[in-house]
$ cat final_17.tsv   # TSV, C-alpha atoms
chain	number	residue	atom	x	y	z
K	10	MET	CA	0.00	0.00	0.00
K	11	GLY	CA	1.10	3.58	-0.58
K	12	LEU	CA	1.02	6.62	1.68
K	13	GLN	CA	-1.43	9.50	1.86
K	14	SER	CA	0.77	11.64	4.07
K	15	LEU	CA	4.16	11.81	5.76
K	16	SER	CA	5.29	13.79	8.81
K	17	LEU	CA	8.88	14.27	9.97
K	18	ARG	CA	9.85	15.66	13.36
K	19	GLN	CA	13.47	16.43	14.29
K	20	PHE	CA	14.81	14.24	11.49
K	21	ARG	CA	18.07	15.22	9.76
K	22	CYS	CA	17.76	18.89	8.71
K	23	PHE	CA	13.98	18.99	9.20
K	24	ALA	CA	12.49	20.26	12.46
K	25	ALA	CA	8.93	19.72	11.24
K	26	VAL	CA	7.64	18.77	7.80
K	27	ASP	CA	4.16	17.57	6.74
K	28	LEU	CA	3.57	16.28	3.21
K	29	ASN	CA	0.35	15.26	1.46
K	30	LEU	CA	1.36	12.75	-1.18
K	31	SER	CA	-0.06	11.73	-4.53
K	32	PRO	CA	-0.83	8.00	-4.99
K	33	HIS	CA	1.13	8.24	-8.25
K	34	LEU	CA	4.37	10.12	-9.04
K	35	ASN	CA	5.72	12.55	-6.44
K	36	VAL	CA	8.75	14.65	-7.41
K	37	ILE	CA	10.92	16.27	-4.72
K	38	GLU	CA	13.12	19.02	-6.17
K	39	GLY	CA	16.00	20.90	-4.59
K	40	LYS	CA	19.70	21.64	-4.74
K	41	ASN	CA	22.39	19.21	-3.67
K	42	ALA	CA	22.57	18.75	0.13
K	43	SER	CA	19.16	20.41	0.59
K	44	GLY	CA	17.62	17.33	2.24
K	45	LYS	CA	15.82	15.61	-0.65
K	46	THR	CA	17.39	12.22	-0.01
K	47	SER	CA	16.61	12.56	3.70
K	48	ILE	CA	12.90	12.37	2.86
K	49	LEU	CA	13.47	9.11	0.99
K	50	GLU	CA	15.56	7.92	3.93
K	51	ALA	CA	12.69	8.62	6.34
K	52	LEU	CA	10.32	6.60	4.15
K	53	TYR	CA	12.81	3.75	3.96
K	54	ILE	CA	13.16	3.73	7.76
K	55	LEU	CA	9.37	3.61	8.09
K	56	SER	CA	9.40	0.43	6.00
K	57	ARG	CA	12.57	-1.32	7.17
K	58	GLY	CA	13.38	0.13	10.58
K	59	ARG	CA	16.86	0.99	9.33
K	60	SER	CA	18.52	3.52	7.04
K	61	PHE	CA	20.15	2.96	3.65
K	62	ARG	CA	22.63	5.78	4.40
K	63	THR	CA	23.96	4.95	7.86
K	64	ALA	CA	24.16	1.96	10.19
K	65	HIS	CA	23.38	4.21	13.16
K	66	LEU	CA	19.86	5.62	13.42
K	67	ASP	CA	20.99	8.14	16.02
K	68	ALA	CA	22.96	9.84	13.24
K	69	THR	CA	19.64	10.80	11.63
K	70	VAL	CA	18.39	12.74	14.67
K	71	GLN	CA	18.41	16.50	14.11
K	72	GLN	CA	21.41	18.12	15.76
K	73	GLY	CA	20.71	19.15	19.34
K	74	CYS	CA	17.63	16.93	19.70
K	75	ALA	CA	17.12	13.72	21.70
K	76	GLY	CA	15.21	11.80	19.05
K	77	PHE	CA	13.01	11.86	15.96
K	78	LEU	CA	9.43	10.91	15.10
K	79	LEU	CA	8.24	9.68	11.70
K	80	THR	CA	4.50	9.31	11.08
K	81	ALA	CA	2.60	8.29	7.97
K	82	GLN	CA	-0.97	7.57	6.92
K	83	ALA	CA	-0.97	4.45	4.76
K	84	ILE	CA	-3.66	3.96	2.14
K	85	SER	CA	-5.91	1.12	3.31
K	86	GLN	CA	-9.58	0.14	3.44
K	87	PRO	CA	-11.91	1.17	4.92
K	88	LEU	CA	-9.78	3.80	6.70
K	89	PRO	CA	-6.16	4.97	6.44
K	90	MET	CA	-3.71	3.15	8.72
K	91	GLU	CA	-1.27	5.16	10.82
K	92	ILE	CA	2.35	4.03	11.00
K	93	SER	CA	4.80	5.72	13.35
K	94	LEU	CA	8.40	5.14	14.29
K	95	ALA	CA	10.10	7.02	17.12
K	96	ARG	CA	13.77	7.10	18.06
K	97	GLN	CA	14.34	8.48	21.55
K	98	ASP	CA	17.51	8.22	23.64
K	99	GLY	CA	18.73	5.25	21.64
K	100	HIS	CA	15.45	3.32	21.82
K	101	LEU	CA	13.16	2.51	18.90
K	102	GLU	CA	9.37	2.28	19.18
K	103	VAL	CA	7.14	1.24	16.30
K	104	ASN	CA	3.35	1.68	16.21
K	105	ILE	CA	1.02	0.27	13.56
K	106	ALA	CA	-2.66	1.20	13.77
K	107	GLY	CA	-2.19	2.35	17.36
K	108	LYS	CA	-0.46	-0.83	18.56
K	109	VAL	CA	3.18	-1.17	19.57
K	110	VAL	CA	4.92	-3.87	17.52
K	111	LYS	CA	8.26	-5.55	18.17
K	112	GLY	CA	9.11	-7.23	14.88
K	113	LEU	CA	10.43	-4.90	12.18
K	114	ASN	CA	9.20	-7.41	9.59
K	115	GLN	CA	5.68	-6.15	10.37
K	116	LEU	CA	6.69	-2.71	9.09
K	117	ALA	CA	7.78	-4.19	5.79
K	118	SER	CA	4.49	-6.08	5.53
K	119	VAL	CA	2.24	-3.03	5.86
K	120	PHE	CA	4.46	-0.55	3.98
K	121	PRO	CA	6.65	-2.29	1.38
K	122	VAL	CA	9.16	-0.08	-0.46
K	123	GLN	CA	11.71	-0.59	-3.20
K	124	LEU	CA	14.76	1.71	-3.43
K	125	LEU	CA	16.39	2.84	-6.67
K	126	ASP	CA	19.36	5.05	-5.82
K	127	GLY	CA	22.99	5.54	-6.78
K	128	GLN	CA	23.81	2.08	-5.41
K	129	ALA	CA	21.16	0.32	-7.50
K	130	ASN	CA	23.76	-0.57	-10.14
K	131	GLN	CA	25.13	-3.07	-7.63
K	132	LEU	CA	22.12	-5.23	-8.43
K	133	ILE	CA	23.80	-5.69	-11.81
K	134	ASN	CA	27.54	-5.34	-11.13
K	135	GLY	CA	27.87	-5.91	-7.38
K	136	GLY	CA	28.33	-9.04	-5.31
K	137	PRO	CA	25.75	-11.82	-4.90
K	138	LYS	CA	24.32	-10.33	-1.68
K	139	TYR	CA	22.63	-7.51	-3.64
K	140	ARG	CA	20.80	-9.96	-5.88
K	141	ARG	CA	19.86	-12.13	-2.90
K	142	GLN	CA	18.40	-9.04	-1.24
K	143	PHE	CA	16.40	-8.32	-4.40
K	144	LEU	CA	15.12	-11.89	-4.56
K	145	ASP	CA	14.35	-12.10	-0.85
K	146	TRP	CA	12.38	-8.83	-0.86
K	147	GLY	CA	9.92	-10.27	-3.32
K	148	THR	CA	9.85	-13.71	-1.77
K	149	PHE	CA	9.13	-12.21	1.66
K	150	HIS	CA	6.10	-10.33	0.32
K	151	VAL	CA	4.67	-13.14	-1.82
K	152	GLU	CA	5.53	-16.38	0.03
K	153	ARG	CA	4.14	-16.54	3.57
K	154	ARG	CA	6.55	-19.27	4.68
K	155	PHE	CA	9.62	-17.34	3.62
K	156	TYR	CA	10.39	-15.22	6.69
K	157	ARG	CA	10.05	-18.07	9.19
K	158	THR	CA	12.18	-20.36	7.03
K	159	TRP	CA	14.79	-17.69	6.30
K	160	HIS	CA	15.05	-16.78	9.99
K	161	SER	CA	15.41	-20.43	11.05
K	162	TYR	CA	18.10	-21.01	8.43
K	163	ARG	CA	20.06	-17.94	9.56
K	164	GLN	CA	19.94	-19.15	13.17
K	165	ALA	CA	21.20	-22.61	12.23
K	166	LEU	CA	23.92	-21.12	10.04
K	167	ARG	CA	25.08	-18.82	12.82
K	168	GLN	CA	25.29	-21.67	15.33
K	169	ARG	CA	27.13	-23.91	12.87
K	170	ASN	CA	29.69	-21.20	12.10
K	171	ILE	CA	30.26	-20.57	15.82
K	172	LEU	CA	31.06	-24.27	16.29
K	173	LEU	CA	33.27	-24.35	13.20
K	174	LYS	CA	35.35	-21.52	14.63
K	175	ALA	CA	35.49	-23.02	18.13
K	176	THR	CA	36.19	-26.70	17.44
K	177	ARG	CA	37.73	-29.09	14.94
K	178	SER	CA	35.26	-31.85	15.92
K	179	GLY	CA	32.82	-32.80	13.20
K	180	ALA	CA	30.39	-34.45	15.64
K	181	GLU	CA	29.29	-31.20	17.27
K	182	VAL	CA	28.98	-29.46	13.93
K	183	ALA	CA	26.88	-32.32	12.53
K	184	VAL	CA	24.17	-31.61	15.11
K	185	TRP	CA	23.46	-28.32	13.34
K	186	ASP	CA	23.80	-29.86	9.89
K	187	VAL	CA	20.37	-31.42	10.34
K	188	GLU	CA	18.73	-28.05	11.02
K	189	LEU	CA	20.74	-26.34	8.29
K	190	VAL	CA	19.69	-28.91	5.69
K	191	LYS	CA	16.05	-28.89	6.76
K	192	HIS	CA	15.62	-25.12	6.55
K	193	GLY	CA	18.13	-24.63	3.74
K	194	GLU	CA	16.38	-26.95	1.31
K	195	GLU	CA	13.01	-25.39	2.14
K	196	LEU	CA	14.41	-21.88	1.70
K	197	SER	CA	15.95	-22.79	-1.63
K	198	GLU	CA	12.69	-24.34	-2.82
K	199	ILE	CA	10.73	-21.20	-1.89
K	200	ARG	CA	13.23	-18.94	-3.64
K	201	GLN	CA	13.35	-21.15	-6.74
K	202	ARG	CA	9.58	-21.19	-7.10
K	203	TYR	CA	9.33	-17.42	-6.71
K	204	PHE	CA	12.18	-16.85	-9.17
K	205	GLN	CA	10.52	-19.02	-11.81
K	206	ASP	CA	7.28	-17.05	-11.47
K	207	LEU	CA	9.05	-13.68	-11.49
K	208	CYS	CA	11.47	-14.44	-14.32
K	209	PRO	CA	9.14	-13.77	-17.32
K	210	HIS	CA	8.21	-10.36	-15.89
K	211	VAL	CA	11.86	-9.42	-15.35
K	212	LEU	CA	12.84	-10.40	-18.88
K	213	GLU	CA	9.90	-8.53	-20.40
K	214	PHE	CA	10.63	-5.33	-18.49
K	215	ALA	CA	14.39	-5.60	-19.12
K	216	GLU	CA	14.18	-6.07	-22.87
K	217	GLN	CA	11.60	-3.31	-23.25
K	218	SER	CA	13.81	-0.91	-21.29
K	219	LEU	CA	17.01	-1.49	-23.30
K	220	ASP	CA	17.34	-1.29	-27.07
K	221	SER	CA	18.29	-4.31	-29.18
K	222	VAL	CA	19.50	-6.55	-26.38
K	223	SER	CA	18.76	-10.05	-25.17
K	224	VAL	CA	18.69	-10.47	-21.38
K	225	SER	CA	18.88	-13.80	-19.55
K	226	VAL	CA	18.79	-14.62	-15.85
K	227	GLU	CA	19.73	-17.81	-14.02
K	228	TYR	CA	19.18	-18.69	-10.37
K	229	ARG	CA	22.03	-20.46	-8.59
K	230	ARG	CA	20.99	-21.95	-5.29
K	231	GLY	CA	24.36	-21.91	-3.50
K	232	TRP	CA	25.52	-25.52	-3.90
K	233	PRO	CA	26.04	-27.76	-6.98
K	234	MET	CA	23.03	-28.95	-8.91
K	235	GLY	CA	22.25	-32.66	-8.75
K	236	ILE	CA	23.64	-33.04	-5.23
K	237	PRO	CA	21.44	-33.01	-2.08
K	238	PHE	CA	22.36	-30.26	0.36
K	239	ALA	CA	23.29	-32.78	3.08
K	240	GLU	CA	25.70	-34.58	0.75
K	241	ALA	CA	27.24	-31.29	-0.40
K	242	LEU	CA	27.85	-30.28	3.23
K	243	GLN	CA	29.76	-33.51	3.79
K	244	MET	CA	31.86	-32.85	0.69
K	245	TRP	CA	32.79	-29.38	2.01
K	246	ALA	CA	33.09	-30.41	5.69
K	247	LYS	CA	36.90	-30.47	5.79
K	248	LYS	CA	37.19	-27.05	4.15
K	249	ASP	CA	34.50	-25.63	6.45
K	250	ARG	CA	36.41	-26.81	9.55
K	251	GLU	CA	39.69	-25.51	8.16
K	252	PHE	CA	38.38	-21.99	7.56
K	253	GLY	CA	35.73	-21.86	10.30
K	254	VAL	CA	32.85	-20.92	8.01
K	255	THR	CA	30.10	-22.62	5.97
K	256	HIS	CA	31.05	-22.31	2.30
K	257	ILE	CA	27.87	-23.56	0.62
K	258	GLY	CA	24.13	-23.13	1.08
K	259	PRO	CA	21.33	-20.67	0.32
K	260	HIS	CA	23.41	-17.88	1.90
K	261	ARG	CA	25.66	-18.23	-1.17
K	262	ALA	CA	22.82	-18.11	-3.71
K	263	ASP	CA	23.01	-15.73	-6.67
K	264	ILE	CA	21.23	-14.59	-9.81
K	265	VAL	CA	23.46	-14.59	-12.90
K	266	ILE	CA	22.47	-11.79	-15.29
K	267	ARG	CA	23.65	-11.85	-18.90
K	268	VAL	CA	23.16	-9.37	-21.74
K	269	ASN	CA	23.63	-10.74	-25.26
K	270	GLY	CA	25.24	-13.81	-23.73
K	271	GLN	CA	27.86	-11.86	-21.76
K	272	PRO	CA	27.97	-11.00	-18.03
K	273	ALA	CA	25.85	-7.86	-17.77
K	274	GLN	CA	28.56	-5.79	-16.08
K	275	ASN	CA	30.86	-6.41	-19.09
K	276	ALA	CA	28.25	-5.79	-21.78
K	277	ILE	CA	26.51	-2.50	-20.96
K	278	SER	CA	27.32	1.04	-19.81
K	279	ARG	CA	26.76	2.40	-16.31
K	280	GLY	CA	23.69	4.28	-17.53
K	281	GLN	CA	22.31	1.08	-19.04
K	282	GLU	CA	23.02	-0.72	-15.76
K	283	LYS	CA	20.81	1.82	-14.00
K	284	VAL	CA	18.05	1.29	-16.57
K	285	LEU	CA	18.34	-2.48	-16.17
K	286	ALA	CA	18.30	-2.27	-12.36
K	287	ALA	CA	15.20	-0.07	-12.56
K	288	ALA	CA	13.57	-2.60	-14.89
K	289	PHE	CA	14.23	-5.39	-12.37
K	290	LEU	CA	12.71	-3.38	-9.52
K	291	LEU	CA	9.68	-2.32	-11.56
K	292	ALA	CA	9.10	-5.89	-12.74
K	293	GLN	CA	9.13	-7.07	-9.14
K	294	ALA	CA	6.79	-4.26	-8.04
K	295	ASP	CA	4.41	-5.17	-10.87
K	296	PHE	CA	4.56	-8.88	-9.99
K	297	TYR	CA	3.95	-8.14	-6.30
K	298	GLN	CA	0.91	-6.07	-7.23
K	299	ARG	CA	-0.49	-8.83	-9.45
K	300	GLU	CA	0.07	-11.56	-6.87
K	301	SER	CA	-1.12	-9.73	-3.75
K	302	GLY	CA	-3.59	-7.16	-5.08
K	303	LEU	CA	-1.57	-4.57	-3.14
K	304	SER	CA	1.12	-2.15	-4.24
K	305	CYS	CA	4.51	-1.03	-2.99
K	306	THR	CA	6.08	2.42	-2.98
K	307	LEU	CA	9.11	3.00	-5.17
K	308	LEU	CA	11.73	5.40	-3.78
K	309	VAL	CA	13.92	6.88	-6.52
K	310	ASP	CA	16.93	9.11	-5.86
K	311	ASP	CA	17.97	11.31	-8.80
K	312	LEU	CA	16.75	9.08	-11.63
K	313	ALA	CA	17.82	11.62	-14.27
K	314	ALA	CA	21.51	11.19	-13.38
K	315	GLU	CA	23.34	9.21	-16.11
K	316	LEU	CA	20.15	8.85	-18.21
K	317	ASP	CA	19.38	10.57	-21.48
K	318	THR	CA	15.93	12.03	-22.13
K	319	ASP	CA	14.77	9.02	-24.15
K	320	HIS	CA	15.61	6.47	-21.46
K	321	LEU	CA	14.13	8.74	-18.79
K	322	LYS	CA	10.83	9.03	-20.68
K	323	ARG	CA	10.75	5.29	-21.27
K	324	LEU	CA	11.26	4.53	-17.58
K	325	LEU	CA	8.61	7.04	-16.56
K	326	GLN	CA	6.21	5.35	-18.97
K	327	ARG	CA	6.93	1.96	-17.42
K	328	ILE	CA	6.44	3.41	-13.94
K	329	ASP	CA	3.08	4.81	-15.02
K	330	GLU	CA	2.05	1.45	-16.49
K	331	VAL	CA	2.87	-0.37	-13.26
K	332	GLY	CA	0.70	2.12	-11.39
K	333	THR	CA	2.65	2.05	-8.14
K	334	GLN	CA	3.30	5.08	-5.95
K	335	VAL	CA	6.66	6.69	-6.70
K	336	ILE	CA	8.54	9.26	-4.64
K	337	MET	CA	11.44	10.63	-6.66
K	338	THR	CA	14.10	13.28	-6.08
K	339	ALA	CA	15.57	15.60	-8.70
K	340	ILE	CA	18.28	18.26	-8.47
K	341	GLU	CA	16.49	20.59	-10.85
K	342	SER	CA	13.04	21.10	-12.30
K	343	LEU	CA	12.64	18.88	-15.36
K	344	ASP	CA	9.67	19.18	-17.70
K	345	THR	CA	9.82	15.43	-18.37
K	346	LEU	CA	9.28	14.71	-14.67
K	347	ASN	CA	6.88	17.52	-13.85
K	348	GLU	CA	4.54	16.66	-16.72
K	349	ALA	CA	4.16	13.13	-15.34
K	350	ALA	CA	3.97	14.12	-11.67
K	351	GLY	CA	0.86	14.01	-9.51
K	352	ALA	CA	2.63	16.22	-6.96
K	353	VAL	CA	5.82	18.30	-6.94
K	354	PHE	CA	7.59	19.41	-3.75
K	355	HIS	CA	10.46	21.85	-3.27
K	356	VAL	CA	13.09	21.45	-0.56
K	357	LYS	CA	15.06	24.44	0.73
K	358	GLN	CA	16.78	25.29	4.02
K	359	GLY	CA	15.09	22.67	6.19
K	360	ASP	CA	11.64	23.12	4.65
K	361	CYS	CA	9.70	21.07	2.12
K	362	HIS	CA	6.46	22.31	0.62
K	363	ARG	CA	4.21	21.28	-2.24
K	364	VAL	CA	4.31	23.51	-5.32
K	365	VAL	CA	2.10	21.44	-7.67
$ encode --input "final_17.tsv" --output "structure tokens"
Amino acid sequence: MGLQSLSLRQFRCFAAVDLNLSPHLNVIEGKNASGKTSILEALYILSRGRSFRTAHLDATVQQGCAGFLLTAQAISQPLPMEISLARQDGHLEVNIAGKVVKGLNQLASVFPVQLLDGQANQLINGGPKYRRQFLDWGTFHVERRFYRTWHSYRQALRQRNILLKATRSGAEVAVWDVELVKHGEELSEIRQRYFQDLCPHVLEFAEQSLDSVSVSVEYRRGWPMGIPFAEALQMWAKKDREFGVTHIGPHRADIVIRVNGQPAQNAISRGQEKVLAAAFLLAQADFYQRESGLSCTLLVDDLAAELDTDHLKRLLQRIDEVGTQVIMTAIESLDTLNEAAGAVFHVKQGDCHRVV
């Protein structure tokens, strides 16, 4: 679901800001370092309980203040749902519909967001963890069993790695192999099924976003095909004990992306990487909407950077076709953006107000 409104109190450079949002494209304009990205950061924190800019939430508190408060009205039926997140003296409190919640995964469930920023290219040219994060975002929102299975697998993996570092005995480690295999195979199955369903949408969006290219994607589960996970663990057991870490499993999964038969990072420009990353995120947002009947909010930081007018118009058209709420920053006023926008805001000197 999207948001009707957003309020920031004592967050970054903003003492108090209240925004009424469009359910479609919202453009936030302003000079560099004016605070545009901070608004996207606040929205991201409302969805994930963490920032994409810093590992320390206290760093986002306005200077001289003890904490911040973020409040939003989410679009829901029959009435809007209030979401709030407060940081005070190092403590975090989350409220959804007037009730205090402990699990941050509940935030993601009621207010799902996708982020397309300057780091989005890492989905294409970065390490496997960025593509796992992409895959797991969608799997979390579409497959109900995912979070429980993922959490159980991470616990088993953590315990196994602790034992690998502390002992050379295989007997103690083997106790956790049972749990690791149980949850690892289930996690891999859930991911594989989701990937197969998502794949046609990704390929369609990707090839429509880039000219004259053929895009292919392949899911790699994290251990060799044709070998049960338990057997693969035994094959790697000596190496695991030697290095004190588990070398194979779903935590090593990846998506291999090729363009015209070549690794994507070797075949296209940085600007094309951004277009391709955007196509992946839009395809997933569209698939989520089709599967759940709900929509996510897409946060976009300076989309116009590194894109020519043609690619920018094409992406905006795809965004409009998906029909999801978009909140996008821009350094300057661009006719291409403003013509498509349902609302335009201007940020200046700690203030943000709607101009369209």
$ closest_residue --input "final_17.tsv" --among "K:Asp220, K:Glu181, K:Glu251, K:Asp186" --to "Ala239 in chain K" --atoms "only C-alpha atoms"
K:Asp186
$ atom_distance --input "final_17.tsv" --atom1 "CA of Trp185 in chain K" --atom2 "CA of Pro237 in chain K"
16.2 Å
$ closest_residue --input "final_17.tsv" --among "K:Ala339, K:Ala241, K:Leu125, K:Ala350" --to "Asn41 in chain K" --atoms "only C-alpha atoms"
K:Ala339
$ closest_residue --input "final_17.tsv" --among "K:Asp249, K:Glu227, K:Asp126, K:Asp329" --to "Lys174 in chain K" --atoms "only C-alpha atoms"
K:Asp249
$ closest_residue --input "final_17.tsv" --among "K:Ala117, K:Ser14, K:Val365, K:Val309" --to "Asp27 in chain K" --atoms "all atoms listed in the file"
K:Ser14
$ residues_around --input "final_17.tsv" --residues "Cys208 in chain K" --least-positions-apart "2" --cutoff "12 Å" --atoms "all atoms listed in the file" --output "short mmCIF file (atom, residue, chain, number, x, y, z; two decimals) with C-alpha atoms, in the coordinates of the input"
data_model
loop_
_atom_site.label_atom_id
_atom_site.label_comp_id
_atom_site.auth_asym_id
_atom_site.auth_seq_id
_atom_site.Cartn_x
_atom_site.Cartn_y
_atom_site.Cartn_z
CA LEU K 144 15.12 -11.89 -4.56
CA GLY K 147 9.92 -10.27 -3.32
CA ARG K 200 13.23 -18.94 -3.64
CA GLN K 201 13.35 -21.15 -6.74
CA ARG K 202 9.58 -21.19 -7.10
CA TYR K 203 9.33 -17.42 -6.71
CA PHE K 204 12.18 -16.85 -9.17
CA GLN K 205 10.52 -19.02 -11.81
CA ASP K 206 7.28 -17.05 -11.47
CA HIS K 210 8.21 -10.36 -15.89
CA VAL K 211 11.86 -9.42 -15.35
CA LEU K 212 12.84 -10.40 -18.88
CA GLU K 213 9.90 -8.53 -20.40
CA PHE K 214 10.63 -5.33 -18.49
CA ALA K 215 14.39 -5.60 -19.12
CA VAL K 224 18.69 -10.47 -21.38
CA SER K 225 18.88 -13.80 -19.55
CA VAL K 226 18.79 -14.62 -15.85
CA GLU K 227 19.73 -17.81 -14.02
CA TYR K 228 19.18 -18.69 -10.37
CA ILE K 264 21.23 -14.59 -9.81
CA ILE K 266 22.47 -11.79 -15.29
CA PHE K 289 14.23 -5.39 -12.37
CA ALA K 292 9.10 -5.89 -12.74
CA GLN K 293 9.13 -7.07 -9.14
CA PHE K 296 4.56 -8.88 -9.99
#
$ closest_residue --input "final_17.tsv" --among "K:Arg140, K:Gly280, K:Arg169, K:Arg299" --to "Val254 in chain K" --atoms "all atoms listed in the file"
K:Arg169
$ atom_distance --input "final_17.tsv" --atom1 "CA of Thr158 in chain K" --atom2 "CA of Gly193 in chain K"
8.0 Å
$ atom_distance --input "final_17.tsv" --atom1 "CA of Arg163 in chain K" --atom2 "CA of Leu113 in chain K"
16.4 Å
$ closest_residue --input "final_17.tsv" --among "K:Leu346, K:Phe20, K:Pro32, K:Ser301" --to "Ser118 in chain K" --atoms "only C-alpha atoms"
K:Ser301
$ residues_around --input "final_17.tsv" --residues "range 73-84 of chain K" --least-positions-apart "3" --cutoff "6 Å" --atoms "all atoms listed in the file" --output "PyMOL selection string"
chain K and resi 10-20+70+89-98
$ write_last_selection --input "final_17.tsv" --atoms "C-alpha atoms" --output "PDB file, in the frame of the given file"
ATOM      1  CA  MET K  10       0.000   0.000   0.000  1.00  0.00           C
ATOM      2  CA  GLY K  11       1.100   3.580  -0.580  1.00  0.00           C
ATOM      3  CA  LEU K  12       1.020   6.620   1.680  1.00  0.00           C
ATOM      4  CA  GLN K  13      -1.430   9.500   1.860  1.00  0.00           C
ATOM      5  CA  SER K  14       0.770  11.640   4.070  1.00  0.00           C
ATOM      6  CA  LEU K  15       4.160  11.810   5.760  1.00  0.00           C
ATOM      7  CA  SER K  16       5.290  13.790   8.810  1.00  0.00           C
ATOM      8  CA  LEU K  17       8.880  14.270   9.970  1.00  0.00           C
ATOM      9  CA  ARG K  18       9.850  15.660  13.360  1.00  0.00           C
ATOM     10  CA  GLN K  19      13.470  16.430  14.290  1.00  0.00           C
ATOM     11  CA  PHE K  20      14.810  14.240  11.490  1.00  0.00           C
ATOM     12  CA  VAL K  70      18.390  12.740  14.670  1.00  0.00           C
ATOM     13  CA  PRO K  89      -6.160   4.970   6.440  1.00  0.00           C
ATOM     14  CA  MET K  90      -3.710   3.150   8.720  1.00  0.00           C
ATOM     15  CA  GLU K  91      -1.270   5.160  10.820  1.00  0.00           C
ATOM     16  CA  ILE K  92       2.350   4.030  11.000  1.00  0.00           C
ATOM     17  CA  SER K  93       4.800   5.720  13.350  1.00  0.00           C
ATOM     18  CA  LEU K  94       8.400   5.140  14.290  1.00  0.00           C
ATOM     19  CA  ALA K  95      10.100   7.020  17.120  1.00  0.00           C
ATOM     20  CA  ARG K  96      13.770   7.100  18.060  1.00  0.00           C
ATOM     21  CA  GLN K  97      14.340   8.480  21.550  1.00  0.00           C
ATOM     22  CA  ASP K  98      17.510   8.220  23.640  1.00  0.00           C
TER      23      ASP K  98
END
$ residues_near_point --input "final_17.tsv" --point "(10.8, -21.8, 9.0)" --cutoff "10 Å" --atoms "all atoms listed in the file" --output "count of residues only"
14
$ residues_around --input "final_17.tsv" --residues "Cys361 in chain K" --least-positions-apart "4" --cutoff "12 Å" --atoms "all atoms listed in the file" --output "ChimeraX atom specification"
/K:15-17,22-29,36-39,43-48,353-357
$ write_last_selection --input "final_17.tsv" --atoms "C-alpha atoms" --output "PDB file, in the coordinates of the input"
ATOM      1  CA  LEU K  15       4.160  11.810   5.760  1.00  0.00           C
ATOM      2  CA  SER K  16       5.290  13.790   8.810  1.00  0.00           C
ATOM      3  CA  LEU K  17       8.880  14.270   9.970  1.00  0.00           C
ATOM      4  CA  CYS K  22      17.760  18.890   8.710  1.00  0.00           C
ATOM      5  CA  PHE K  23      13.980  18.990   9.200  1.00  0.00           C
ATOM      6  CA  ALA K  24      12.490  20.260  12.460  1.00  0.00           C
ATOM      7  CA  ALA K  25       8.930  19.720  11.240  1.00  0.00           C
ATOM      8  CA  VAL K  26       7.640  18.770   7.800  1.00  0.00           C
ATOM      9  CA  ASP K  27       4.160  17.570   6.740  1.00  0.00           C
ATOM     10  CA  LEU K  28       3.570  16.280   3.210  1.00  0.00           C
ATOM     11  CA  ASN K  29       0.350  15.260   1.460  1.00  0.00           C
ATOM     12  CA  VAL K  36       8.750  14.650  -7.410  1.00  0.00           C
ATOM     13  CA  ILE K  37      10.920  16.270  -4.720  1.00  0.00           C
ATOM     14  CA  GLU K  38      13.120  19.020  -6.170  1.00  0.00           C
ATOM     15  CA  GLY K  39      16.000  20.900  -4.590  1.00  0.00           C
ATOM     16  CA  SER K  43      19.160  20.410   0.590  1.00  0.00           C
ATOM     17  CA  GLY K  44      17.620  17.330   2.240  1.00  0.00           C
ATOM     18  CA  LYS K  45      15.820  15.610  -0.650  1.00  0.00           C
ATOM     19  CA  THR K  46      17.390  12.220  -0.010  1.00  0.00           C
ATOM     20  CA  SER K  47      16.610  12.560   3.700  1.00  0.00           C
ATOM     21  CA  ILE K  48      12.900  12.370   2.860  1.00  0.00           C
ATOM     22  CA  VAL K 353       5.820  18.300  -6.940  1.00  0.00           C
ATOM     23  CA  PHE K 354       7.590  19.410  -3.750  1.00  0.00           C
ATOM     24  CA  HIS K 355      10.460  21.850  -3.270  1.00  0.00           C
ATOM     25  CA  VAL K 356      13.090  21.450  -0.560  1.00  0.00           C
ATOM     26  CA  LYS K 357      15.060  24.440   0.730  1.00  0.00           C
TER      27      LYS K 357
END
$ build_atoms --input "final_17.tsv" --residues "range 320-326 of chain K" --atoms "N, CA and C atoms" --output "PDB file, in the frame of the given file"
ATOM      1  N   HIS K 320      15.701   7.519 -22.467  1.00  0.00           N
ATOM      2  CA  HIS K 320      15.610   6.470 -21.460  1.00  0.00           C
ATOM      3  C   HIS K 320      14.791   6.927 -20.254  1.00  0.00           C
ATOM      4  N   LEU K 321      14.909   8.211 -19.911  1.00  0.00           N
ATOM      5  CA  LEU K 321      14.130   8.740 -18.790  1.00  0.00           C
ATOM      6  C   LEU K 321      12.640   8.665 -19.099  1.00  0.00           C
ATOM      7  N   LYS K 322      12.239   9.076 -20.298  1.00  0.00           N
ATOM      8  CA  LYS K 322      10.830   9.030 -20.680  1.00  0.00           C
ATOM      9  C   LYS K 322      10.316   7.593 -20.702  1.00  0.00           C
ATOM     10  N   ARG K 323      11.160   6.687 -21.190  1.00  0.00           N
ATOM     11  CA  ARG K 323      10.750   5.290 -21.270  1.00  0.00           C
ATOM     12  C   ARG K 323      10.525   4.692 -19.880  1.00  0.00           C
ATOM     13  N   LEU K 324      11.423   5.023 -18.947  1.00  0.00           N
ATOM     14  CA  LEU K 324      11.260   4.530 -17.580  1.00  0.00           C
ATOM     15  C   LEU K 324      10.029   5.120 -16.919  1.00  0.00           C
ATOM     16  N   LEU K 325       9.794   6.404 -17.137  1.00  0.00           N
ATOM     17  CA  LEU K 325       8.610   7.040 -16.560  1.00  0.00           C
ATOM     18  C   LEU K 325       7.335   6.402 -17.111  1.00  0.00           C
ATOM     19  N   GLN K 326       7.367   6.020 -18.379  1.00  0.00           N
ATOM     20  CA  GLN K 326       6.210   5.350 -18.970  1.00  0.00           C
ATOM     21  C   GLN K 326       5.977   3.995 -18.319  1.00  0.00           C
TER      22      GLN K 326
END
